[in-house]
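Structure, as structure tokens:
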Amino acid sequence: MRDVAIIGVGMNKWGELWESSLRDIFTEAALLAIEDAGVDHIDSMYIGCMSSGLFVGQEHLSSLLTDYLGMGPIPATRVESACSSGGLALRTGLIEVASGMNDIVLVGGVEKMTDVSVHGATFALSTAADQEYEVYHGVTFPGLYALMARAHMHKYGTTRKQLAQVAVKNHYHGSMNPLAQYPQKITAEEVIESVMVADPLRILDCSPITDGAAAVILAPLDLAKKISKKPVVKIIGSGHATDTIALHSRKDLTEIKSTERAAKIAYEMASKSPDEIHLAEVHDCFTIAEICVIEALGFAEKGKGGPATEHGMTTLGGKIPVNTSGGLKSKGHPVGATGVAQAIEITKQLRGEAGERQVKNAKVGLTQNMGGSGGSSLVHIMEVV
Amino acid sequence: MVGITGYGVYIPRHRIKVEEIAKVWGADAQAYKKGLFVEEKSVPGPDQDTITMSVEATFSALKRAQIDPRKIGAVYVGSESHPYAVKPSGTTVAEAIGATPDVHCADFEFACKAGSEAMFVCLGLVGSGLIEYGLAIGADTSQGAPGDALEYTAAAGAAAFIMGKDNIIAEAIDTYSYMTDTPDFWRREYQFYPRHASRFTGDPAYFKHILGAGKAMLEKVKMKPKDFQYAVFHQPNGKFPQRVGRLLGFEKKQIETGLLCPKLGNTYSGSSPMGLTAILDEAKPNDLIFMVSYGSGAGSDAFVWRVTERINQVRDSAVKTRDMLNNNKSYLEYGTYAKYRGKIRKGE
């Protein structure tokens, strides 16, 4: 397999983009990535998108988006793995470049979520859970993550305030990201007193509904070194794992096994340990998710994710800053685009282009993107070369 | 000089509190009260509708205008809850107040903007000399689907204005209108409740149009917010008008007199017109009033009014808006409210 690098990134501001359509926002991000990479063509394209059919009534994105990008007739593939669609698109593009089948591959992610009502969006998102055994019984994602939060609180003594601190930290980070949907700083009190969604989770524990797209350009490392005018970011590890789609089929509600497995594979491939990671972008779809994930990634011991967050380990300036982009919570969560945007943040940080939120001396970064309540996970490790 | 010669208002006595609605739907009342800045709303009785409220408001307007109703050349009722889909509200109102048969009637509908639309047209017809007096009404018994966010605000009320050239109490200095095709809120034929596009009803709808009309209006009359004693904006909730006022450069004290929504709810076509009546109840001669309505779909009408000396003579001739809002209230439980609002449907 060839080594693969990220040579271009592109993303516009996320939010409720009522003036733009899915094809607009994808094309804008893709063109920014192509411009950033300085390439004059792409050989193929992968698009992470969870549910354009339910959100905007449009499938067949592979053809639509190559057409509107002016890149037809290159091969293009839509990749779907719920909220980890973007991370899986990145892995799929990586495999294609590593295999030698193509050189310049665009990996994009997109979701246009605000063209439907809140009920429509809740329904579309619920299709990432087990329809027959979870959704038919009335379960929604806030409900599933609330069960995980309750279990974590019961088993490890994780506190309401520790959950809130995840949101406080990520909004603080997001306040330094001009592309974030909700860059407002918030306090723990505001989180704890916000509207109840599913006990113990409040509205400010939940990531928002977002329109957004993100794109990166992959190239073989040798070629990247020749053509790239910016620091080259090499993907040194890629792990992918699945778990039961239904939460109730798991032995322990506090553990995200798919992330543990994906991380193990990625760490081995990269020959890195959790201690050697300088920063990470993780899937904080709900505050409890980030606490479970930093434990699954080995940044904190099992059950210690809450105190670690409370004591600032994952805040900018801490031992391992997590979600410097603002994460899903503050930057926004257009589900199919999230995994790709995580790779963009790590690339910017490793290139030293993160501005106010720059992590000093960042050389190695990690992304973790997951689908549903942890039914699928993608972990990537990147190093600037 | 063209302007308002008489104004009147009507608010049903029934009220329902946010807590009472939230209790039924298992919702967080405090969050709604804080988020919408609304405490309670008016509810029409089972024998009240847009026509009855329009007539009540017009009786007060006639008391202040002190004119013979037969001199009214036009009766325009703006509402999104006309009792009939086919058959005018205006003719019934005109008949009830004694303005028929030498009169022109029309019903207007433009979501929450139909009242200011009737005011705009009456000012134009009076100004052109086609009619001597014109009656413009904004009235609604607005609909909110059970459990929907709209249910906490959709209220009932009416404001009536008699426009003329003589005996004016507030001169219309100028007007400006701002419209685009923006589908933020709608109700199709045969549908019982309107639908809305949640947060899309904010920035690209309410705020864009009120700011668009408001800024252009200020520019057209070459005035600044500080030149005005009062400002009133459409009030779908208590928060939006305060924010849009701030964005235009108005201060809280200019807005609070006309801000009825926290205790009244959203009276749709009656909303900013009723706010104007509350201001006229308080204003002094030569005070300037800035008004911008908003209707989904979408558009805003802006008006600049200057109060005249005559206000002091007629103000007390009829019931004042705040008195009607604050006195003689009777609170409903959700069950009675549901019955009054026709939310309990019986099989045929």
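How things are named: the first chain in the structure tokens is A, the next is B, and so on; residues count from 1 in each chain; ligands count from 1 in the order shown.
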Exercise. Name the residues in contact with range 40-45 of chain B at a cut-off of 9 Å, using only C-alpha atoms, excluding same-chain residues fewer than 5 positions from it; report them as a ChimeraX atom specification.
Key: /B:11-19,33,53,141,152-157,261-267,325,332,337,340-341
Exercise. Find the spatial neighbours of range 228-235 of chain A, counting only C-alpha atoms, within a cut-off of 6 Å - ignore same-chain residues fewer than 3 positions away - and output them as number ranges by chain.
Key: A: 4-6, 224-225, 351, 381-385
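The set of residues in range 8-64 of chain A assigned to strand (DSSP E) by DSSP, using only backbone atoms of this structure, is Gly8, Val9, Gly10, Met11, Ser44, Met45, Tyr46, Ile47 and Gly48 of chain A.
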Show me, as an mmCIF file with C-alpha atoms, in the first residue's frame, the residues that have an atom within 6 Å of range 223-228 of chain B when counting only C-alpha atoms, minus same-chain residues fewer than 2 positions from it.
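Result file is selection07.cif:
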```cif
data_model
loop_
_atom_site.group_PDB
_atom_site.id
_atom_site.type_symbol
_atom_site.label_atom_id
_atom_site.label_comp_id
_atom_site.auth_asym_id
_atom_site.auth_seq_id
_atom_site.Cartn_x
_atom_site.Cartn_y
_atom_site.Cartn_z
ATOM 1 C CA LEU B 218 -36.448 56.110 8.164
ATOM 2 C CA VAL B 221 -38.659 60.564 5.911
ATOM 3 C CA TYR B 230 -42.803 55.564 20.303
ATOM 4 C CA GLY B 249 -31.786 51.640 16.874
ATOM 5 C CA PHE B 250 -34.845 52.113 19.088
ATOM 6 C CA LEU B 288 -43.938 60.869 16.456
ATOM 7 C CA ILE B 289 -44.806 57.153 16.229
#
```
Exercise. Tell me which of A:Asp3, A:Asp284, A:Asp275, A:Glu193 sits closest to chain B, counting only C-alpha atoms.
Key: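 Answer, going by the shortest atom-to-atom distance: A:Glu193.
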Practice problem: May I have the residues within 7 Å of range 177-185 of chain B as an MDAnalysis selection string, using only C-alpha atoms and disregarding those fewer than 6 positions away in the same chain? | Solution: chainID B and resid 194:197 200:201 205 209 212:213 296:302
Write out, as JSON lines, each residue of chain B that has an atom at most 10 Å from chain A, together with the closest pair of atoms and their distance in Å to one decimal, counting only C-alpha atoms, rows going by chain and rising number.
```
{"residue": "B:Ala27", "atom": "CA", "partner": "A:Met196", "partner_atom": "CA", "distance": 9.2}
{"residue": "B:Asp28", "atom": "CA", "partner": "A:Val195", "partner_atom": "CA", "distance": 7.2}
{"residue": "B:Gln30", "atom": "CA", "partner": "A:Val195", "partner_atom": "CA", "distance": 9.1}
{"residue": "B:Ala31", "atom": "CA", "partner": "A:Val195", "partner_atom": "CA", "distance": 6.4}
{"residue": "B:Tyr32", "atom": "CA", "partner": "A:Val195", "partner_atom": "CA", "distance": 9.4}
{"residue": "B:His196", "atom": "CA", "partner": "A:Ser117", "partner_atom": "CA", "distance": 8.7}
{"residue": "B:Ala197", "atom": "CA", "partner": "A:Ser117", "partner_atom": "CA", "distance": 6.6}
{"residue": "B:Ser198", "atom": "CA", "partner": "A:Ser117", "partner_atom": "CA", "distance": 7.2}
{"residue": "B:Arg199", "atom": "CA", "partner": "A:Glu16", "partner_atom": "CA", "distance": 8.9}
{"residue": "B:Phe200", "atom": "CA", "partner": "A:Trp18", "partner_atom": "CA", "distance": 7.8}
{"residue": "B:Pro204", "atom": "CA", "partner": "A:Trp18", "partner_atom": "CA", "distance": 8.2}
```
Write a file of the selected residues as an mmCIF file, in the first residue's frame, keeping C-alpha atoms.
```
data_model
loop_
_atom_site.group_PDB
_atom_site.id
_atom_site.type_symbol
_atom_site.label_atom_id
_atom_site.label_comp_id
_atom_site.auth_asym_id
_atom_site.auth_seq_id
_atom_site.Cartn_x
_atom_site.Cartn_y
_atom_site.Cartn_z
ATOM 1 C CA ALA B 27 -43.904 21.035 28.089
ATOM 2 C CA ASP B 28 -41.590 23.289 30.061
ATOM 3 C CA GLN B 30 -40.779 28.409 32.074
ATOM 4 C CA ALA B 31 -38.824 27.719 28.889
ATOM 5 C CA TYR B 32 -41.759 28.896 26.758
ATOM 6 C CA HIS B 196 -44.647 27.208 9.849
ATOM 7 C CA ALA B 197 -40.988 26.703 9.081
ATOM 8 C CA SER B 198 -39.741 27.011 12.705
ATOM 9 C CA ARG B 199 -36.606 29.119 12.929
ATOM 10 C CA PHE B 200 -36.887 30.136 9.276
ATOM 11 C CA PRO B 204 -34.961 35.491 6.737
#
```
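Minimum atom-to-atom distance to Leu150 in chain B, evaluated using only C-alpha atoms, belongs to B:Asn237 out of B:Gln254, B:Thr100, B:Asn237, B:Ser89.
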Quiz item: Counting only C-alpha atoms, what is within 12 Å of Ile95 in chain A, bar same-chain residues fewer than 3 positions away, as JSON, numbers by chain?
Solution: {"A": [1, 2, 3, 4, 5, 46, 88, 89, 90, 91, 92, 98, 99, 100, 101, 102, 103, 105, 107, 218, 219, 220, 235, 237, 238, 239]}
Those selected residues, please, written with N, CA and C atoms and delivered as an mmCIF file, in the first residue's frame.
```cif
data_model
loop_
_atom_site.group_PDB
_atom_site.id
_atom_site.type_symbol
_atom_site.label_atom_id
_atom_site.label_comp_id
_atom_site.auth_asym_id
_atom_site.auth_seq_id
_atom_site.Cartn_x
_atom_site.Cartn_y
_atom_site.Cartn_z
ATOM 1 N N MET A 1 0.837 -1.208 0.000
ATOM 2 C CA MET A 1 0.000 0.000 0.000
ATOM 3 C C MET A 1 0.868 1.254 0.000
ATOM 4 N N ARG A 2 0.407 2.249 -0.754
ATOM 5 C CA ARG A 2 1.157 3.511 -0.765
ATOM 6 C C ARG A 2 0.777 4.367 0.447
ATOM 7 N N ASP A 3 1.706 5.224 0.901
ATOM 8 C CA ASP A 3 1.359 6.209 1.931
ATOM 9 C C ASP A 3 0.487 7.283 1.299
ATOM 10 N N VAL A 4 -0.432 7.820 2.098
ATOM 11 C CA VAL A 4 -1.392 8.789 1.567
ATOM 12 C C VAL A 4 -1.375 10.065 2.419
ATOM 13 N N ALA A 5 -1.526 11.189 1.737
ATOM 14 C CA ALA A 5 -1.514 12.479 2.450
ATOM 15 C C ALA A 5 -2.734 13.314 2.084
ATOM 16 N N TYR A 46 -15.338 10.645 -3.451
ATOM 17 C CA TYR A 46 -16.190 9.928 -2.487
ATOM 18 C C TYR A 46 -16.989 10.968 -1.697
ATOM 19 N N LEU A 88 -16.131 7.410 7.009
ATOM 20 C CA LEU A 88 -16.011 6.233 6.148
ATOM 21 C C LEU A 88 -15.631 6.633 4.717
ATOM 22 N N ALA A 89 -16.138 7.796 4.254
ATOM 23 C CA ALA A 89 -15.749 8.289 2.925
ATOM 24 C C ALA A 89 -14.244 8.540 2.896
ATOM 25 N N LEU A 90 -13.735 9.110 4.017
ATOM 26 C CA LEU A 90 -12.289 9.382 4.093
ATOM 27 C C LEU A 90 -11.512 8.074 3.994
ATOM 28 N N ARG A 91 -11.950 7.053 4.715
ATOM 29 C CA ARG A 91 -11.255 5.760 4.697
ATOM 30 C C ARG A 91 -11.340 5.124 3.307
ATOM 31 N N THR A 92 -12.483 5.252 2.673
ATOM 32 C CA THR A 92 -12.664 4.651 1.350
ATOM 33 C C THR A 92 -11.762 5.337 0.322
ATOM 34 N N ALA A 98 -4.246 4.542 -1.638
ATOM 35 C CA ALA A 98 -3.223 3.611 -1.155
ATOM 36 C C ALA A 98 -3.053 2.435 -2.115
ATOM 37 N N SER A 99 -4.149 2.013 -2.719
ATOM 38 C CA SER A 99 -4.097 0.847 -3.610
ATOM 39 C C SER A 99 -3.386 1.148 -4.917
ATOM 40 N N GLY A 100 -3.268 2.434 -5.235
ATOM 41 C CA GLY A 100 -2.647 2.802 -6.499
ATOM 42 C C GLY A 100 -3.624 2.904 -7.640
ATOM 43 N N MET A 101 -4.883 2.699 -7.372
ATOM 44 C CA MET A 101 -5.871 2.742 -8.451
ATOM 45 C C MET A 101 -6.062 4.162 -8.966
ATOM 46 N N ASN A 102 -6.003 5.164 -8.078
ATOM 47 C CA ASN A 102 -6.086 6.564 -8.485
ATOM 48 C C ASN A 102 -5.176 7.405 -7.610
ATOM 49 N N ASP A 103 -4.801 8.595 -8.119
ATOM 50 C CA ASP A 103 -3.880 9.462 -7.381
ATOM 51 C C ASP A 103 -4.586 10.581 -6.616
ATOM 52 N N VAL A 105 -7.736 12.152 -5.185
ATOM 53 C CA VAL A 105 -9.110 11.771 -4.838
ATOM 54 C C VAL A 105 -9.715 12.824 -3.904
ATOM 55 N N VAL A 107 -12.433 13.725 -1.199
ATOM 56 C CA VAL A 107 -13.355 13.127 -0.230
ATOM 57 C C VAL A 107 -14.191 14.257 0.368
ATOM 58 N N LEU A 218 -7.008 14.005 -1.300
ATOM 59 C CA LEU A 218 -5.985 13.019 -0.950
ATOM 60 C C LEU A 218 -5.059 12.792 -2.139
ATOM 61 N N ALA A 219 -3.799 12.495 -1.819
ATOM 62 C CA ALA A 219 -2.833 12.165 -2.869
ATOM 63 C C ALA A 219 -1.796 11.216 -2.288
ATOM 64 N N PRO A 220 -1.125 10.437 -3.136
ATOM 65 C CA PRO A 220 -0.040 9.599 -2.620
ATOM 66 C C PRO A 220 1.048 10.507 -2.008
ATOM 67 N N ILE A 235 -1.694 10.530 6.471
ATOM 68 C CA ILE A 235 -2.612 9.707 7.264
ATOM 69 C C ILE A 235 -1.849 8.447 7.656
ATOM 70 N N GLY A 237 -2.709 6.312 10.276
ATOM 71 C CA GLY A 237 -3.496 5.214 10.835
ATOM 72 C C GLY A 237 -4.951 5.346 10.453
ATOM 73 N N SER A 238 -5.586 4.217 10.168
ATOM 74 C CA SER A 238 -7.018 4.231 9.860
ATOM 75 C C SER A 238 -7.655 2.981 10.441
ATOM 76 N N GLY A 239 -8.642 3.177 11.303
ATOM 77 C CA GLY A 239 -9.339 2.034 11.892
ATOM 78 C C GLY A 239 -10.835 2.173 11.707
#
```
Quiz item: Which polymer residues have any atom within 10 Å of an atom of Asp102 in chain B, counting only C-alpha atoms, with same-chain residues fewer than 4 positions away left out, as a count of residues only?
Solution: 6
Exercise. Skip Ala57 in chain B itself and residues of its chain fewer than 4 positions away, then list as number ranges by chain all residues within 8 Å of it, counting only C-alpha atoms.
Key: B: 7-10, 53, 61, 158-160
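Using only C-alpha atoms, the smallest distance between any of A:Leu64, A:Met148, A:Ile7, A:Val97 and Ala343 in chain A comes from A:Ile7.
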Practice problem: Check the DSSP output for the backbone and give back, as a PyMOL selection string, the residues of range 36-222 of chain B in alpha helix (DSSP H). | Solution: chain B and resi 36+50-65+89-97+114-128+208-220
Writer output for current selection, C-alpha atoms, as a PDB file, in the first residue's frame:
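Below is the file that was written, result-v8.pdb:
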```pdb
ATOM      1  CA  LEU B  36     -41.323  33.641  23.804  1.00  0.00           C
ATOM      2  CA  THR B  50     -63.330  38.261  13.563  1.00  0.00           C
ATOM      3  CA  ILE B  51     -66.601  39.964  12.587  1.00  0.00           C
ATOM      4  CA  THR B  52     -67.943  40.479  16.122  1.00  0.00           C
ATOM      5  CA  MET B  53     -64.599  41.779  17.360  1.00  0.00           C
ATOM      6  CA  SER B  54     -64.320  44.082  14.333  1.00  0.00           C
ATOM      7  CA  VAL B  55     -67.726  45.555  15.095  1.00  0.00           C
ATOM      8  CA  GLU B  56     -66.841  46.094  18.770  1.00  0.00           C
ATOM      9  CA  ALA B  57     -63.569  47.820  17.892  1.00  0.00           C
ATOM     10  CA  THR B  58     -65.318  49.994  15.297  1.00  0.00           C
ATOM     11  CA  PHE B  59     -67.932  51.207  17.803  1.00  0.00           C
ATOM     12  CA  SER B  60     -65.046  52.585  19.893  1.00  0.00           C
ATOM     13  CA  ALA B  61     -63.427  54.108  16.805  1.00  0.00           C
ATOM     14  CA  LEU B  62     -66.702  55.817  15.889  1.00  0.00           C
ATOM     15  CA  LYS B  63     -66.997  57.261  19.414  1.00  0.00           C
ATOM     16  CA  ARG B  64     -63.586  58.869  18.975  1.00  0.00           C
ATOM     17  CA  ALA B  65     -64.053  59.933  15.351  1.00  0.00           C
ATOM     18  CA  SER B  89     -66.673  39.861   6.651  1.00  0.00           C
ATOM     19  CA  GLY B  90     -66.716  43.483   5.531  1.00  0.00           C
ATOM     20  CA  THR B  91     -70.397  43.631   4.545  1.00  0.00           C
ATOM     21  CA  THR B  92     -71.522  42.257   7.918  1.00  0.00           C
ATOM     22  CA  VAL B  93     -69.341  44.774   9.737  1.00  0.00           C
ATOM     23  CA  ALA B  94     -70.575  47.614   7.476  1.00  0.00           C
ATOM     24  CA  GLU B  95     -74.206  46.630   8.066  1.00  0.00           C
ATOM     25  CA  ALA B  96     -73.722  46.352  11.833  1.00  0.00           C
ATOM     26  CA  ILE B  97     -72.177  49.817  12.156  1.00  0.00           C
ATOM     27  CA  ALA B 114     -53.745  42.208   6.648  1.00  0.00           C
ATOM     28  CA  GLY B 115     -54.637  44.910   9.181  1.00  0.00           C
ATOM     29  CA  SER B 116     -51.900  47.349   8.209  1.00  0.00           C
ATOM     30  CA  GLU B 117     -52.713  46.594   4.590  1.00  0.00           C
ATOM     31  CA  ALA B 118     -56.297  47.817   5.145  1.00  0.00           C
ATOM     32  CA  MET B 119     -54.874  50.931   6.837  1.00  0.00           C
ATOM     33  CA  PHE B 120     -52.561  51.595   3.890  1.00  0.00           C
ATOM     34  CA  VAL B 121     -55.370  51.265   1.327  1.00  0.00           C
ATOM     35  CA  CYS B 122     -57.765  53.486   3.291  1.00  0.00           C
ATOM     36  CA  LEU B 123     -55.113  56.198   3.599  1.00  0.00           C
ATOM     37  CA  GLY B 124     -54.607  56.034  -0.169  1.00  0.00           C
ATOM     38  CA  LEU B 125     -58.312  56.243  -1.006  1.00  0.00           C
ATOM     39  CA  VAL B 126     -58.928  59.104   1.409  1.00  0.00           C
ATOM     40  CA  GLY B 127     -55.840  60.914   0.145  1.00  0.00           C
ATOM     41  CA  SER B 128     -56.964  60.562  -3.460  1.00  0.00           C
ATOM     42  CA  LYS B 208     -35.429  40.728   7.099  1.00  0.00           C
ATOM     43  CA  HIS B 209     -38.759  42.364   6.219  1.00  0.00           C
ATOM     44  CA  ILE B 210     -39.197  44.593   9.261  1.00  0.00           C
ATOM     45  CA  LEU B 211     -35.591  45.738   9.017  1.00  0.00           C
ATOM     46  CA  GLY B 212     -35.990  46.238   5.260  1.00  0.00           C
ATOM     47  CA  ALA B 213     -39.159  48.308   5.603  1.00  0.00           C
ATOM     48  CA  GLY B 214     -37.988  50.075   8.748  1.00  0.00           C
ATOM     49  CA  LYS B 215     -34.638  51.224   7.408  1.00  0.00           C
ATOM     50  CA  ALA B 216     -36.132  52.403   4.110  1.00  0.00           C
ATOM     51  CA  MET B 217     -38.911  54.221   5.964  1.00  0.00           C
ATOM     52  CA  LEU B 218     -36.448  56.110   8.164  1.00  0.00           C
ATOM     53  CA  GLU B 219     -34.419  57.033   5.111  1.00  0.00           C
ATOM     54  CA  LYS B 220     -37.517  58.159   3.181  1.00  0.00           C
TER      55      LYS B 220
END
```
Quiz item: Suppose you want the space between CA of Ser44 in chain A and CA of Leu106 in chain A; what is it in Å?
Solution: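 One can read the CA of Ser44 in chain A to CA of Leu106 in chain A distance as 6.4 Å.
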Quiz prompt | Counting only C-alpha atoms, the residue of B:Ala172, B:Asp49, B:Gly6, B:Pro241 that sits nearest Ser317 in chain B | solution =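 Between B:Ala172, B:Asp49, B:Gly6, B:Pro241, the residue approaching Ser317 in chain B most closely is B:Gly6.
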Practice problem: For CA of Tyr176 in chain B and CA of Phe37 in chain B, determine how far apart the two atoms are, in Å to one decimal place. | Solution: 28.5 Å
